[in-house]
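Participant: Below are the structure tokens for one structure; questions will follow.
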Amino acid sequence: MANQRLKGQEVSLTIVADGNLQTELTDIRSFDAEVMIENKEEGYLGEKSDRFDEIYKGAKGSFELHMHSGDYFDYMRSIIDRAQRNTPDVTFSVAGTMFFPSGETRTMAFNDITFGGQPINVPARADYVSVKIEFYCSEIAVISG
């Protein structure tokens with residue numbers, strides 16, 4: 001069997017708000033994730049090179065989607081409500097599942113996420129309207145399945 005690489009068609013993104021799957025937020029164009037690690041560097045007298053250390057700082061990500069219904073605005077409202085402490089106990093999660101050609105499956109789970117900006121882009125008359133959602137979390141879980 002050829003050693004095929006993972007493509008976007010083998011990646012599924014799941015969005016959950018307060019335990020409810022957001023079934024209408026499915027037209028996802030792109031997904032980015034980053035494990036944030038800060039590198040510390042220090043030089044000491046009498047040594048010929050610096051010493052390095054790393055600090056885990058959590059994870060961040062973003063996804064861009066097209067809208068086919070007004071459900072995104074309900075999702076946005078729930079994010080704003082939590083940020084304004086109207087519903088402080090609501091939790092959000094994002095999971096990216098990768099179905100490798102070999103049959104192996106891995107899921108990156110971003111739980112209890114917080115949000116950054118959410119620009120809405122209307123590029124031109126004939127183009128699709130898109131939204132980019134940025135998120136952050138303290139821990140990322142990688143699950144084999």
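Letters A, B, ... go to the chains of the structure tokens in the order shown; residues in each chain start at 1; ligands are counted from 1 in the same order.
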Write out as a PyMOL selection string which residues come within 12 Å of stretch 3-5 of chain A when counting only C-alpha atoms, dropping same-chain ones fewer than 3 positions away.

Facilitator: chain A and resi 8-11+98-103

Participant: Give me a file of those residues, with N, CA, C and O atoms, as an mmCIF file, in the first residue's frame.

Facilitator:
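Once everything was written out, this is result_12.cif:
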data_model
loop_
_atom_site.group_PDB
_atom_site.id
_atom_site.type_symbol
_atom_site.label_atom_id
_atom_site.label_comp_id
_atom_site.auth_asym_id
_atom_site.auth_seq_id
_atom_site.Cartn_x
_atom_site.Cartn_y
_atom_site.Cartn_z
ATOM 1 N N GLY A 8 -7.376 17.184 3.836
ATOM 2 C CA GLY A 8 -8.499 17.828 4.507
ATOM 3 C C GLY A 8 -9.789 17.038 4.442
ATOM 4 O O GLY A 8 -10.624 17.125 5.350
ATOM 5 N N GLN A 9 -9.983 16.251 3.409
ATOM 6 C CA GLN A 9 -11.206 15.466 3.295
ATOM 7 C C GLN A 9 -11.280 14.370 4.350
ATOM 8 O O GLN A 9 -12.338 13.803 4.587
ATOM 9 N N GLU A 10 -10.149 14.094 5.021
ATOM 10 C CA GLU A 10 -10.120 13.079 6.073
ATOM 11 C C GLU A 10 -10.104 13.699 7.473
ATOM 12 O O GLU A 10 -9.787 13.036 8.452
ATOM 13 N N VAL A 11 -10.434 14.986 7.569
ATOM 14 C CA VAL A 11 -10.449 15.683 8.856
ATOM 15 C C VAL A 11 -11.856 16.198 9.120
ATOM 16 O O VAL A 11 -12.474 16.819 8.269
ATOM 17 N N MET A 98 -8.901 13.133 12.825
ATOM 18 C CA MET A 98 -8.159 12.849 11.612
ATOM 19 C C MET A 98 -8.225 11.357 11.313
ATOM 20 O O MET A 98 -7.837 10.537 12.137
ATOM 21 N N PHE A 99 -8.752 11.047 10.139
ATOM 22 C CA PHE A 99 -8.920 9.662 9.701
ATOM 23 C C PHE A 99 -7.809 9.368 8.692
ATOM 24 O O PHE A 99 -7.925 9.697 7.511
ATOM 25 N N PHE A 100 -6.724 8.770 9.159
ATOM 26 C CA PHE A 100 -5.567 8.517 8.307
ATOM 27 C C PHE A 100 -5.866 7.418 7.295
ATOM 28 O O PHE A 100 -6.657 6.492 7.579
ATOM 29 N N PRO A 101 -5.246 7.484 6.108
ATOM 30 C CA PRO A 101 -5.470 6.457 5.080
ATOM 31 C C PRO A 101 -5.145 5.041 5.563
ATOM 32 O O PRO A 101 -5.698 4.074 5.071
ATOM 33 N N SER A 102 -4.273 4.915 6.568
ATOM 34 C CA SER A 102 -3.908 3.605 7.102
ATOM 35 C C SER A 102 -5.017 2.991 7.955
ATOM 36 O O SER A 102 -4.924 1.833 8.359
ATOM 37 N N GLY A 103 -6.052 3.781 8.284
ATOM 38 C CA GLY A 103 -7.114 3.312 9.160
ATOM 39 C C GLY A 103 -6.970 3.838 10.581
ATOM 40 O O GLY A 103 -7.885 3.732 11.385
#

Participant: Where does DSSP see strand (DSSP E or B) in chain A, if you list the residues as a ChimeraX atom specification?

Facilitator: /A:11-17,20-21,28-42,51-66,92-99,105-110,114-115,120-121,130-137,140-144

Participant: Under the rule that only C-alpha atoms are counted, which of A:Val142, A:Thr26, A:Arg125, A:Phe115 is the nearest residue to A:Leu65?

Facilitator: A:Thr26

Participant: What lies within 7 Å of stretch 107-113 of chain A using only C-alpha atoms, ignoring chain neighbours under 2 positions off, as a compact mmCIF listing (two decimals) with N, CA, C and O atoms, in the first residue's frame?

Facilitator:
# COMPACT_ATOMS: atom_id res chain seq x y z
N THR A 91 -19.77 25.98 28.76
CA THR A 91 -18.46 25.55 28.28
C THR A 91 -18.53 25.26 26.78
O THR A 91 -19.57 24.88 26.25
N PHE A 92 -17.40 25.45 26.13
CA PHE A 92 -17.27 25.21 24.70
C PHE A 92 -16.11 24.26 24.45
O PHE A 92 -15.11 24.31 25.16
N SER A 93 -16.24 23.43 23.42
CA SER A 93 -15.18 22.50 23.04
C SER A 93 -15.11 22.41 21.52
O SER A 93 -16.11 22.60 20.83
N VAL A 94 -13.93 22.11 21.04
CA VAL A 94 -13.70 21.85 19.63
C VAL A 94 -12.85 20.59 19.54
O VAL A 94 -11.89 20.42 20.30
N ALA A 95 -13.20 19.70 18.63
CA ALA A 95 -12.42 18.48 18.43
C ALA A 95 -12.17 18.29 16.94
O ALA A 95 -13.09 18.38 16.14
N GLY A 96 -10.92 18.07 16.60
CA GLY A 96 -10.54 17.76 15.23
C GLY A 96 -10.17 16.29 15.13
O GLY A 96 -9.23 15.85 15.81
N THR A 97 -10.92 15.54 14.34
CA THR A 97 -10.64 14.11 14.18
C THR A 97 -10.01 13.86 12.82
O THR A 97 -10.53 14.33 11.81
N MET A 98 -8.90 13.13 12.83
CA MET A 98 -8.16 12.85 11.61
C MET A 98 -8.22 11.36 11.31
O MET A 98 -7.84 10.54 12.14
N THR A 105 -6.93 6.50 13.57
CA THR A 105 -7.71 7.70 13.85
C THR A 105 -7.14 8.39 15.08
O THR A 105 -6.84 7.73 16.07
N PHE A 115 -12.42 32.35 23.77
CA PHE A 115 -12.43 32.85 22.40
C PHE A 115 -11.70 34.16 22.25
O PHE A 115 -11.61 34.96 23.17
N PHE A 135 -9.73 30.50 19.07
CA PHE A 135 -9.98 29.97 20.41
C PHE A 135 -8.67 29.62 21.11
O PHE A 135 -7.63 29.45 20.47
N TYR A 136 -8.75 29.50 22.44
CA TYR A 136 -7.60 29.21 23.29
C TYR A 136 -8.04 28.24 24.38
O TYR A 136 -9.19 28.25 24.81
N CYS A 137 -7.10 27.42 24.87
CA CYS A 137 -7.40 26.54 25.99
C CYS A 137 -6.12 26.18 26.74
O CYS A 137 -5.02 26.36 26.22
N GLU A 139 -5.40 23.05 28.05
CA GLU A 139 -4.94 21.69 27.78
C GLU A 139 -5.48 21.18 26.45
O GLU A 139 -6.58 21.54 26.06
N ILE A 140 -4.70 20.36 25.80
CA ILE A 140 -5.14 19.67 24.60
C ILE A 140 -4.99 18.18 24.85
O ILE A 140 -4.00 17.74 25.41
N ALA A 141 -6.01 17.41 24.49
CA ALA A 141 -5.95 15.97 24.62
C ALA A 141 -5.86 15.35 23.24
O ALA A 141 -6.59 15.77 22.34
N VAL A 142 -4.96 14.40 23.06
CA VAL A 142 -4.88 13.66 21.80
C VAL A 142 -5.35 12.25 22.10
O VAL A 142 -4.79 11.56 22.94
N ILE A 143 -6.41 11.85 21.42
CA ILE A 143 -7.08 10.59 21.70
C ILE A 143 -6.91 9.65 20.50
O ILE A 143 -7.17 10.03 19.37
N SER A 144 -6.45 8.45 20.75
CA SER A 144 -6.37 7.42 19.72
C SER A 144 -7.70 6.71 19.64
O SER A 144 -8.34 6.47 20.66

Participant: Between atom CA of A:Phe31 and atom CA of A:Lys7, what distance in Å does the model show, to one decimal?

Facilitator: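 Pair atom CA of A:Phe31 / atom CA of A:Lys7 returns 12.1 Å.
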
Participant: What is the distance, in Å and to one decimal place, between atom CA of A:Gly117 and atom CA of A:Ile79?

Facilitator: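 Computed distance, atom CA of A:Gly117 to atom CA of A:Ile79, equals 10.9 Å.
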
Participant: Select, from A:Glu38, A:Thr87, A:Gly145, A:Tyr75, the residue with the minimum atom-to-atom distance to A:Leu21, counting only C-alpha atoms.

Facilitator: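 Selected residue with least distance to A:Leu21: A:Tyr75.
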
Participant: Which residues in stretch 26-83 of chain A does DSSP call alpha helix (DSSP H)? List them as an MDAnalysis selection string.

Facilitator: chainID A and resid 71:83

Participant: Residues near A:Val129, anyone? I mean within 9 Å using only C-alpha atoms, not counting same-chain ones fewer than 2 positions away, as an mmCIF file with N, CA and C atoms, in the first residue's frame.

Facilitator:
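Dumped everything to around_36.cif:
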data_model
loop_
_atom_site.group_PDB
_atom_site.id
_atom_site.type_symbol
_atom_site.label_atom_id
_atom_site.label_comp_id
_atom_site.auth_asym_id
_atom_site.auth_seq_id
_atom_site.Cartn_x
_atom_site.Cartn_y
_atom_site.Cartn_z
ATOM 1 N N LEU A 65 -15.367 29.260 8.626
ATOM 2 C CA LEU A 65 -16.524 28.565 8.093
ATOM 3 C C LEU A 65 -17.362 29.486 7.223
ATOM 4 N N HIS A 66 -18.131 28.871 6.351
ATOM 5 C CA HIS A 66 -19.131 29.586 5.556
ATOM 6 C C HIS A 66 -20.470 29.411 6.247
ATOM 7 N N MET A 67 -21.346 30.369 6.068
ATOM 8 C CA MET A 67 -22.663 30.298 6.694
ATOM 9 C C MET A 67 -23.697 29.812 5.692
ATOM 10 N N ILE A 120 -16.190 38.643 10.567
ATOM 11 C CA ILE A 120 -17.068 38.178 9.487
ATOM 12 C C ILE A 120 -16.594 38.861 8.218
ATOM 13 N N ASN A 121 -16.382 38.060 7.166
ATOM 14 C CA ASN A 121 -15.824 38.578 5.929
ATOM 15 C C ASN A 121 -16.828 38.403 4.790
ATOM 16 N N VAL A 122 -17.177 39.525 4.153
ATOM 17 C CA VAL A 122 -18.032 39.511 2.967
ATOM 18 C C VAL A 122 -17.174 40.062 1.832
ATOM 19 N N PRO A 123 -16.442 39.193 1.116
ATOM 20 C CA PRO A 123 -15.433 39.676 0.175
ATOM 21 C C PRO A 123 -15.976 40.329 -1.093
ATOM 22 N N ALA A 124 -17.036 39.799 -1.661
ATOM 23 C CA ALA A 124 -17.574 40.349 -2.908
ATOM 24 C C ALA A 124 -18.958 39.758 -3.160
ATOM 25 N N ASP A 127 -19.013 36.000 -3.818
ATOM 26 C CA ASP A 127 -18.250 35.151 -2.897
ATOM 27 C C ASP A 127 -19.070 34.788 -1.669
ATOM 28 N N VAL A 131 -16.680 33.369 8.337
ATOM 29 C CA VAL A 131 -16.390 33.779 9.707
ATOM 30 C C VAL A 131 -15.144 33.038 10.139
#

Participant: Between A:Gly116, A:Gln22, A:Ser138, A:Ile28, which residue has the minimum interatomic distance to A:Phe63, considering only C-alpha atoms?

Facilitator: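 Closest to A:Phe63, using only C-alpha atoms: A:Ile28.
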
Participant: Work out how far apart atom CA of A:Glu24 and atom CA of A:Asp71 are and give it in Å to one decimal.

Facilitator: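 Atom-to-atom, atom CA of A:Glu24 and atom CA of A:Asp71 are spaced 6.4 Å apart.
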
Participant: Restricting the calculation to only C-alpha atoms: of A:Val90, A:Ala83, A:Leu6, A:Met76, which residue gets closest to A:Gln118?

Facilitator: A:Met76
